[in-house]
>>> print(open('target-v2.pdb').read())   # PDB, C-alpha atoms, pLDDT in the B column
ATOM      1  CA  MET A  52      35.106  42.780 -37.203  1.00 94.00           C
ATOM      2  CA  GLY A  53      31.655  41.365 -37.828  1.00 96.00           C
ATOM      3  CA  HIS A  54      29.459  39.417 -35.471  1.00 97.00           C
ATOM      4  CA  THR A  55      25.961  37.974 -35.773  1.00 97.00           C
ATOM      5  CA  CYS A  56      23.760  36.017 -33.375  1.00 98.00           C
ATOM      6  CA  ASN A  57      20.377  34.568 -34.372  1.00 98.00           C
ATOM      7  CA  SER A  58      18.112  32.017 -32.640  1.00 97.00           C
ATOM      8  CA  ILE A  59      14.915  30.046 -33.087  1.00 97.00           C
ATOM      9  CA  ILE A  60      12.954  27.621 -30.884  1.00 96.00           C
ATOM     10  CA  ILE A  61      12.523  24.153 -32.372  1.00 96.00           C
ATOM     11  CA  ASN A  62       9.930  21.798 -30.868  1.00 93.00           C
ATOM     12  CA  ALA A  63      11.588  18.432 -31.411  1.00 93.00           C
ATOM     13  CA  PRO A  64      13.832  16.063 -29.465  1.00 92.00           C
ATOM     14  CA  TYR A  65      17.377  17.377 -29.122  1.00 94.00           C
ATOM     15  CA  GLU A  66      18.899  14.243 -30.691  1.00 94.00           C
ATOM     16  CA  ARG A  67      16.856  14.750 -33.884  1.00 94.00           C
ATOM     17  CA  ILE A  68      17.635  18.463 -34.014  1.00 97.00           C
ATOM     18  CA  PHE A  69      21.363  17.918 -33.610  1.00 97.00           C
ATOM     19  CA  ASP A  70      21.533  15.024 -36.085  1.00 97.00           C
ATOM     20  CA  ILE A  71      19.458  16.666 -38.819  1.00 97.00           C
ATOM     21  CA  SER A  72      21.076  20.099 -38.485  1.00 98.00           C
ATOM     22  CA  ASN A  73      24.567  18.582 -38.753  1.00 98.00           C
ATOM     23  CA  ASP A  74      23.754  16.300 -41.701  1.00 98.00           C
ATOM     24  CA  ILE A  75      25.899  18.328 -44.086  1.00 98.00           C
ATOM     25  CA  PRO A  76      24.677  16.756 -47.366  1.00 97.00           C
ATOM     26  CA  ARG A  77      21.158  17.945 -46.362  1.00 96.00           C
ATOM     27  CA  TRP A  78      22.322  21.558 -46.184  1.00 97.00           C
ATOM     28  CA  THR A  79      21.303  21.987 -49.836  1.00 96.00           C
ATOM     29  CA  GLU A  80      17.719  21.572 -48.529  1.00 95.00           C
ATOM     30  CA  LEU A  81      18.064  23.130 -45.075  1.00 96.00           C
ATOM     31  CA  PHE A  82      19.712  26.347 -46.273  1.00 95.00           C
ATOM     32  CA  GLY A  83      16.918  27.132 -48.736  1.00 90.00           C
ATOM     33  CA  GLY A  84      18.868  26.695 -51.951  1.00 85.00           C
ATOM     34  CA  GLU A  85      21.818  28.792 -50.746  1.00 90.00           C
ATOM     35  CA  TYR A  86      24.118  25.831 -51.477  1.00 95.00           C
ATOM     36  CA  LYS A  87      24.104  23.874 -54.731  1.00 96.00           C
ATOM     37  CA  LYS A  88      26.400  21.222 -53.227  1.00 97.00           C
ATOM     38  CA  ALA A  89      27.326  20.214 -49.679  1.00 98.00           C
ATOM     39  CA  GLU A  90      29.851  17.387 -49.640  1.00 98.00           C
ATOM     40  CA  ILE A  91      31.728  15.660 -46.845  1.00 98.00           C
ATOM     41  CA  VAL A  92      35.446  15.503 -47.666  1.00 98.00           C
ATOM     42  CA  LYS A  93      36.608  13.627 -44.559  1.00 98.00           C
ATOM     43  CA  LYS A  94      35.426  12.491 -41.115  1.00 98.00           C
ATOM     44  CA  GLU A  95      37.830  11.978 -38.221  1.00 97.00           C
ATOM     45  CA  GLY A  96      36.299  11.414 -34.785  1.00 97.00           C
ATOM     46  CA  ASN A  97      34.071  14.432 -34.081  1.00 97.00           C
ATOM     47  CA  LYS A  98      35.645  16.506 -36.899  1.00 98.00           C
ATOM     48  CA  ILE A  99      34.020  16.796 -40.323  1.00 98.00           C
ATOM     49  CA  THR A 100      35.793  18.488 -43.211  1.00 98.00           C
ATOM     50  CA  PHE A 101      33.347  19.541 -45.911  1.00 98.00           C
ATOM     51  CA  ARG A 102      33.055  21.513 -49.133  1.00 98.00           C
ATOM     52  CA  LEU A 103      30.202  23.893 -49.917  1.00 98.00           C
ATOM     53  CA  THR A 104      29.317  25.274 -53.347  1.00 97.00           C
ATOM     54  CA  ASP A 105      27.000  28.278 -53.503  1.00 94.00           C
ATOM     55  CA  ASP A 106      24.375  29.151 -56.094  1.00 88.00           C
ATOM     56  CA  GLU A 107      27.006  31.141 -58.047  1.00 91.00           C
ATOM     57  CA  GLY A 108      29.286  28.067 -58.335  1.00 93.00           C
ATOM     58  CA  LYS A 109      31.887  29.299 -55.819  1.00 95.00           C
ATOM     59  CA  SER A 110      33.274  26.577 -53.520  1.00 97.00           C
ATOM     60  CA  TRP A 111      35.172  26.594 -50.257  1.00 98.00           C
ATOM     61  CA  GLN A 112      36.232  24.068 -47.661  1.00 98.00           C
ATOM     62  CA  SER A 113      35.464  24.289 -43.947  1.00 98.00           C
ATOM     63  CA  TRP A 114      35.749  22.031 -40.941  1.00 98.00           C
ATOM     64  CA  ARG A 115      33.291  21.436 -38.123  1.00 98.00           C
ATOM     65  CA  LEU A 116      33.703  19.948 -34.655  1.00 98.00           C
ATOM     66  CA  LEU A 117      30.626  18.256 -33.209  1.00 98.00           C
ATOM     67  CA  PHE A 118      30.187  18.307 -29.426  1.00 98.00           C
ATOM     68  CA  LYS A 119      26.792  16.610 -29.208  1.00 97.00           C
ATOM     69  CA  GLU A 120      27.101  15.801 -25.503  1.00 97.00           C
ATOM     70  CA  LYS A 121      27.983  19.470 -24.780  1.00 97.00           C
ATOM     71  CA  TYR A 122      25.195  20.885 -27.013  1.00 97.00           C
ATOM     72  CA  PHE A 123      27.291  22.852 -29.501  1.00 98.00           C
ATOM     73  CA  THR A 124      29.336  22.789 -32.704  1.00 98.00           C
ATOM     74  CA  TYR A 125      32.306  24.889 -33.791  1.00 98.00           C
ATOM     75  CA  SER A 126      33.309  25.554 -37.415  1.00 98.00           C
ATOM     76  CA  GLU A 127      35.873  27.531 -39.357  1.00 98.00           C
ATOM     77  CA  ARG A 128      36.156  28.365 -43.014  1.00 98.00           C
ATOM     78  CA  GLU A 129      39.408  26.919 -44.297  1.00 97.00           C
ATOM     79  CA  GLU A 130      40.211  27.449 -47.986  1.00 96.00           C
ATOM     80  CA  PRO A 131      39.759  29.722 -49.691  1.00 97.00           C
ATOM     81  CA  LYS A 132      39.110  32.111 -46.828  1.00 95.00           C
ATOM     82  CA  PHE A 133      38.515  35.054 -49.189  1.00 96.00           C
ATOM     83  CA  PRO A 134      36.381  37.186 -49.062  1.00 96.00           C
ATOM     84  CA  PHE A 135      36.958  36.757 -45.310  1.00 97.00           C
ATOM     85  CA  LYS A 136      40.123  37.113 -43.264  1.00 97.00           C
ATOM     86  CA  TYR A 137      38.475  34.559 -40.986  1.00 98.00           C
ATOM     87  CA  MET A 138      35.022  33.087 -40.359  1.00 98.00           C
ATOM     88  CA  LYS A 139      34.244  31.260 -37.114  1.00 98.00           C
ATOM     89  CA  ILE A 140      30.816  29.776 -36.437  1.00 98.00           C
ATOM     90  CA  VAL A 141      29.309  28.371 -33.241  1.00 98.00           C
ATOM     91  CA  TRP A 142      25.925  26.654 -33.102  1.00 98.00           C
ATOM     92  CA  LEU A 143      24.437  26.355 -29.617  1.00 98.00           C
ATOM     93  CA  TYR A 144      21.580  24.027 -28.684  1.00 98.00           C
ATOM     94  CA  THR A 145      19.900  25.122 -25.434  1.00 96.00           C
ATOM     95  CA  LEU A 146      17.152  22.997 -23.893  1.00 93.00           C
ATOM     96  CA  LYS A 147      14.342  25.238 -22.674  1.00 89.00           C
ATOM     97  CA  PRO A 148      12.435  24.382 -19.469  1.00 77.00           C
ATOM     98  CA  GLU A 149       8.968  24.435 -21.044  1.00 69.00           C
ATOM     99  CA  GLY A 150       8.217  20.831 -22.054  1.00 56.00           C
ATOM    100  CA  VAL A 151       5.983  20.103 -25.044  1.00 54.00           C
ATOM    101  CA  ALA A 152       4.162  17.006 -26.200  1.00 51.00           C
ATOM    102  CA  LEU A 153       4.893  15.772 -29.701  1.00 51.00           C
ATOM    103  CA  ALA A 154       2.362  13.549 -31.443  1.00 50.00           C
ATOM    104  CA  ASN A 155       4.038  10.823 -33.502  1.00 52.00           C
ATOM    105  CA  GLY A 156       1.135   9.057 -35.125  1.00 51.00           C
ATOM    106  CA  SER A 157      -0.605   7.214 -32.280  1.00 49.00           C
ATOM    107  CA  GLN A 158       2.158   7.967 -29.777  1.00 51.00           C
ATOM    108  CA  THR A 159       2.796  11.162 -27.816  1.00 51.00           C
ATOM    109  CA  THR A 160       6.304  11.956 -26.628  1.00 55.00           C
ATOM    110  CA  ALA A 161       7.301  14.684 -24.185  1.00 57.00           C
ATOM    111  CA  CYS A 162      10.413  16.683 -25.017  1.00 70.00           C
ATOM    112  CA  TRP A 163      12.077  19.963 -24.199  1.00 81.00           C
ATOM    113  CA  PRO A 164      11.994  22.644 -26.861  1.00 91.00           C
ATOM    114  CA  VAL A 165      15.479  23.559 -28.038  1.00 96.00           C
ATOM    115  CA  GLU A 166      16.713  27.049 -28.765  1.00 96.00           C
ATOM    116  CA  MET A 167      19.099  26.785 -31.709  1.00 98.00           C
ATOM    117  CA  THR A 168      21.494  29.735 -31.872  1.00 98.00           C
ATOM    118  CA  TRP A 169      23.913  30.542 -34.673  1.00 98.00           C
ATOM    119  CA  ILE A 170      26.840  32.829 -33.848  1.00 98.00           C
ATOM    120  CA  GLN A 171      29.139  33.987 -36.627  1.00 98.00           C
ATOM    121  CA  HIS A 172      32.306  35.929 -35.943  1.00 98.00           C
ATOM    122  CA  PHE A 173      34.287  37.154 -38.942  1.00 98.00           C
ATOM    123  CA  GLU A 174      36.355  39.853 -40.543  1.00 98.00           C
ATOM    124  CA  MET A 175      36.196  40.723 -44.222  1.00 98.00           C
ATOM    125  CA  ASP A 176      39.341  40.957 -46.333  1.00 97.00           C
ATOM    126  CA  GLU A 177      40.105  44.576 -47.285  1.00 96.00           C
ATOM    127  CA  LYS A 178      39.943  43.546 -50.973  1.00 96.00           C
ATOM    128  CA  ALA A 179      36.403  42.150 -50.570  1.00 95.00           C
ATOM    129  CA  LYS A 180      33.477  43.822 -52.314  1.00 95.00           C
ATOM    130  CA  PHE A 181      31.561  44.289 -49.019  1.00 96.00           C
ATOM    131  CA  ASN A 182      32.614  45.433 -45.539  1.00 96.00           C
ATOM    132  CA  ASP A 183      31.908  43.802 -42.160  1.00 96.00           C
ATOM    133  CA  GLN A 184      28.707  45.772 -41.500  1.00 96.00           C
ATOM    134  CA  GLN A 185      27.248  45.029 -44.935  1.00 96.00           C
ATOM    135  CA  VAL A 186      27.975  41.316 -44.541  1.00 97.00           C
ATOM    136  CA  GLU A 187      26.468  41.353 -41.020  1.00 96.00           C
ATOM    137  CA  GLY A 188      23.189  42.561 -42.543  1.00 96.00           C
ATOM    138  CA  PHE A 189      23.310  39.891 -45.247  1.00 94.00           C
ATOM    139  CA  ILE A 190      24.130  37.105 -42.757  1.00 95.00           C
ATOM    140  CA  ASN A 191      21.445  38.243 -40.297  1.00 95.00           C
ATOM    141  CA  LYS A 192      18.756  38.164 -42.984  1.00 94.00           C
ATOM    142  CA  HIS A 193      19.808  34.794 -44.375  1.00 94.00           C
ATOM    143  CA  SER A 194      20.285  33.255 -40.917  1.00 96.00           C
ATOM    144  CA  LYS A 195      16.745  34.196 -39.881  1.00 96.00           C
ATOM    145  CA  ASP A 196      15.310  32.812 -43.119  1.00 96.00           C
ATOM    146  CA  ASN A 197      17.388  29.625 -42.883  1.00 96.00           C
ATOM    147  CA  LEU A 198      16.597  29.019 -39.213  1.00 97.00           C
ATOM    148  CA  LYS A 199      12.892  29.032 -40.147  1.00 97.00           C
ATOM    149  CA  ILE A 200      13.572  26.343 -42.753  1.00 97.00           C
ATOM    150  CA  PHE A 201      15.530  24.262 -40.212  1.00 97.00           C
ATOM    151  CA  LYS A 202      12.590  24.586 -37.791  1.00 97.00           C
ATOM    152  CA  GLU A 203       9.970  23.575 -40.384  1.00 97.00           C
ATOM    153  CA  VAL A 204      11.941  20.583 -41.682  1.00 96.00           C
ATOM    154  CA  ILE A 205      13.003  19.275 -38.262  1.00 96.00           C
ATOM    155  CA  GLU A 206       9.569  19.689 -36.626  1.00 95.00           C
ATOM    156  CA  ARG A 207       7.896  17.982 -39.597  1.00 94.00           C
ATOM    157  CA  GLU A 208      10.333  15.042 -39.422  1.00 93.00           C
ATOM    158  CA  ALA A 209      10.002  14.781 -35.631  1.00 88.00           C
ATOM    159  CA  LYS A 210       6.266  14.125 -36.057  1.00 83.00           C
ATOM    160  CA  LYS A 211       6.863  11.078 -38.284  1.00 74.00           C
TER     161      LYS A 211
END
>>> encode(input="target-v2.pdb", output="structure tokens")
Amino acid sequence: MGHTCNSIIINAPYERIFDISNDIPRWTELFGGEYKKAEIVKKEGNKITFRLTDDEGKSWQSWRLLFKEKYFTYSEREEPKFPFKYMKIVWLYTLKPEGVALANGSQTTACWPVEMTWIQHFEMDEKAKFNDQQVEGFINKHSKDNLKIFKEVIEREAKK
């Protein structure tokens, strides 16, 4: 089974970080072109069902539970699962004790930096082209790159 865990510190108010990072239609921007389309299929309470289409035109549906008041989200890939047997994703938002001051034009706001952590737990289908360890390497590289984009976009927007 495969497992990845990657984090970055984002200097912005938690509310903005959570809202922007879970704005699924924006994932085409936030994931650095990894997704050509990111569409919401259905919203029910704190559950969002969505469809992603990658840069090769392959689509799949997943669902995501938002626990904003508990500082995390939980997602699973639904259909098609292939090339995975399963893919489970947790995003954690941890407020860090070092406060920072954010300048918003003429106003300065104090906020806690937030450590955003992405955990992916999966197992590849035996018919898949790549094995768990190969996909771990791919996910780790892309997660680090994508977390930097999330940080840049969110911090820039927090200053507005």
>>> closest_residue(input="target-v2.pdb", among="A:Phe69, A:Lys210, A:Ile59, A:Gly83", to="A:His193", atoms="all atoms listed in the file")
A:Gly83
>>> residues_near_point(input="target-v2.pdb", point="(20.2, 26.5, -23.9)", cutoff="9 Å", atoms="only C-alpha atoms", output="VMD selection string")
chain A and resid 122 143 to 147 165 to 168
>>> closest_residue(input="target-v2.pdb", among="A:Val141, A:Ala179, A:Leu103, A:Leu81", to="A:Ile200", atoms="all atoms listed in the file")
A:Leu81
>>> atom_distance(input="target-v2.pdb", atom1="atom CA of A:Glu206", atom2="atom CA of A:Phe101")
25.5 Å
>>> residues_around(input="target-v2.pdb", residues="A:Glu177", least_positions_apart="3", cutoff="9 Å", atoms="only C-alpha atoms", output="NGL selection string")
:A and (134-136 or 180-182)
>>> atom_distance(input="target-v2.pdb", atom1="atom CA of A:Gly53", atom2="atom CA of A:Lys195")
16.7 Å
>>> resolve_selection(input="target-v2.pdb", expression="the PyMOL selection byres ((chain A and resi 128) around 7)", output="PyMOL selection string")
chain A and resi 112-114+126-127+129-130+132+137-139
